[in-house]
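Here is the structure we will look at.
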Amino acid sequence: MVEFDGVGLRYGPDAEVLCDISFNLQPGSFYFLTGPSGAGKTSLLKMLYLAQRPSRGIVRLFGEDLVNMPRQRLPGFRRRIGVVFQDFRLIPHLSARDNIALPLRIAGVSEEDLSGPVGEMLSWIGLGDRADARPATLSGGEQQRVAIARAVIARPQLLVADEPTGNVDPEMAMRLLGLFEALNRLGTTVVVATHDIHLISRIENAQMMRLEKGRLADPTGALRYPPANRA
Amino acid sequence: MIIPRVPIQHRRLLPDRRLSGPTPWVIAILMMLTLLAAAAGVGLARSANAIGSAIAGRVTVQIVTPNPVTRAEQAAALRRAAAAQPFVLSARAVDREELQATLGQWFGSADGDDPVLNSLPLPALVDIDFVGENRSRHMEQLRALVAAEAPGARIIPHAEWLGPVAQLIASLAWIAGGLVLLMTLASAAVVIMTARAALGTHFATIEMLHLIGATDRQITRLFQRRIAIDTAYGIALGSVVAAAILLLIGWQWAGITSGLAATASLGPTGWALLLALPLLAIALAALTARQTLLAALKKIL
């Protein structure tokens, strides 16, 4: 599914923010990415959702070399990835409904075909009655839910989420995690960056990767939570 | 297509703020000036051509023989002899009344009944138009004819005294053409700046669209459509104002029937050019916007 081999990333002439990152994400698996602030989690996620090419190393996604891939081929790959951003990145002048429908519209799904899934998704995240609300009129938690709905509406093969439950109450956090789990059961590979240790403990068979100072502390999965030897 | 078709749901990806920015108004002003400069250029070019072709093959023979009877006889003989030559298209003796009427405008007695004017020893004039393009050979033949029929008469090629005026008018026409070119470039620059500003303003949306799999073409069509429509509004407004000004000038110009001014007109080709310019401007704006957007998007992963 996703293979990083000796990947490094630097911005400009500065030192590498990610160094010698190697891992292999298996199809249909669930991963947590943890680490202190500034460890490079967001930079790593950026490479996963194709917003950044590595400075060195090999990145393979869906069996294709992404480092040397022409940029005109990237949109096709991006449509297979769902992304939940830490800062939501909703389009401010679009309603909740239109924000959620965006990936389907970009993919060319007809209005007739997308109205059903979008309506279902709105109901599921509890915003069925606020479908026409603009993001500015939604609370942080509601915006977060819209952002998650937008990320999963097109049934991505890979779901990347950066602190997806940071702005929602514990009950909604569990519901959203349940959605991720359900998607994962349907075959979606999920990568969630989080600081929330309680969240990590809720998903069985989830694997944990920990970043510290730009290096992956657990490339082999030895620090899987709960630890393999404790299970 | 100049204004690309975009599904209505996709159009909403850009906020609807039509005509709120300066672009349509700047384009309107530039379009108006472009059309006025183009009209001036076409009018001047046609005037220069009309004057040029009129004077290129025309000469006036000035007979200044002191005896008025001999002078009139020489003029009549020269006119007859010239009219019979194969290199002469037409030969016309200018009437004394016509000369007096022309001079009367300077003497303040246009009715011709002026004792001073009547006492002037006016020369006899014969206007001759040559056939074809071989002016220098025809001039030699005319000199021989004049020497035989009216010795001492002076031959005045019109190109000698009207040529500089025609050249000046032609130069002004070129300057007007240059202004059209400069204003076209300025319009393109405005469109480029608009496209870049739009990219800057909506960068977050563009980045988001990219990350969910939108292609450069999809994003470009959105912005190209918006810029082309905004520009079209400006072009339409500028064209309407320019047309009103040109019609007003044309209405006033219609009263001028003499002199150099009468040679200036737009003609069917000129009007066709003026009508085509706004359409070309819209096409240029759309193309410029498209290329600017595509070039800018290529810099984003």
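Residues in the structure tokens are numbered from 1 in each chain, the chains being A, B, ... in the order shown, and ligands are numbered from 1 in the order shown.
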Pick out the chain B residues within 12 Å of chain A. Count only C-alpha atoms. Give them as a ChimeraX atom specification. /B:6-17,202-219,294,297-301
List the spatial neighbours of segment 116-120 of chain A as a ChimeraX atom specification - criterion: any atom at most 8 Å away, only C-alpha atoms, same-chain residues fewer than 3 positions off excluded. /A:97,100-101,112-113,123-124,128,153
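Within segment 55-185 of chain B, residues classed as strand (DSSP E or B) by DSSP on backbone coordinates are Arg58, Val59, Thr60, Val61, Gln62, Ile63, Val88, Leu89, Ser90, Ala91, Arg92, Ala93, Val94, Ala124, Leu125, Val126, Asp127, Ile128, Asp129, Phe130, Arg154, Ile155, Ile156 and Pro157 of chain B.
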As a PyMOL selection string, please: the residues near Asp5 of chain A (cut-off 8 Å, only C-alpha atoms, same-chain neighbours under 6 positions excluded). chain A and resi 20-23+57-59
Alpha helix (DSSP H) residues, from DSSP on the backbone, in segment 46-219 of chain A, as an NGL selection string: :A and (46-48 or 74-78 or 96-106 or 111-124 or 140-152 or 170-185 or 197-202)
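With atom CA of Pro151 of chain B on one side and atom CA of Gln100 of chain B on the other, the separation reads 24.3 Å.
Among the candidates B:Ala81, B:Ile63, B:Leu185, B:Val131, the residue lying nearest to Ile156 of chain B is B:Ile63 (atoms considered: only C-alpha atoms).
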For segment 160-175 of chain A, work out the shell of residues within 10 Å, counting only C-alpha atoms and skipping chain neighbours fewer than 4 positions away, then give it as a PyMOL selection string. chain A and resi 31-34+41-42+45-46+48-49+81-88+124-126+139-145+147-148+151-152+156+179-181+189-196+199+202
Long-range neighbours of Gly267 of chain B as a ChimeraX atom specification, 10 Å cut-off, only C-alpha atoms, 6 positions minimum in chain: /B:42-43,46,273
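Relative to atom CA of Ala243 of chain B, atom CA of Ala228 of chain B is found at 21.5 Å.
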Restricting to only C-alpha atoms, whichever of A:Val109, A:Glu16, A:Gly28, A:Gly8 is closest to Asn205 of chain A is A:Gly28
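Atom CA of Ala40 of chain B is positioned 16.7 Å from atom CA of Val240 of chain B.
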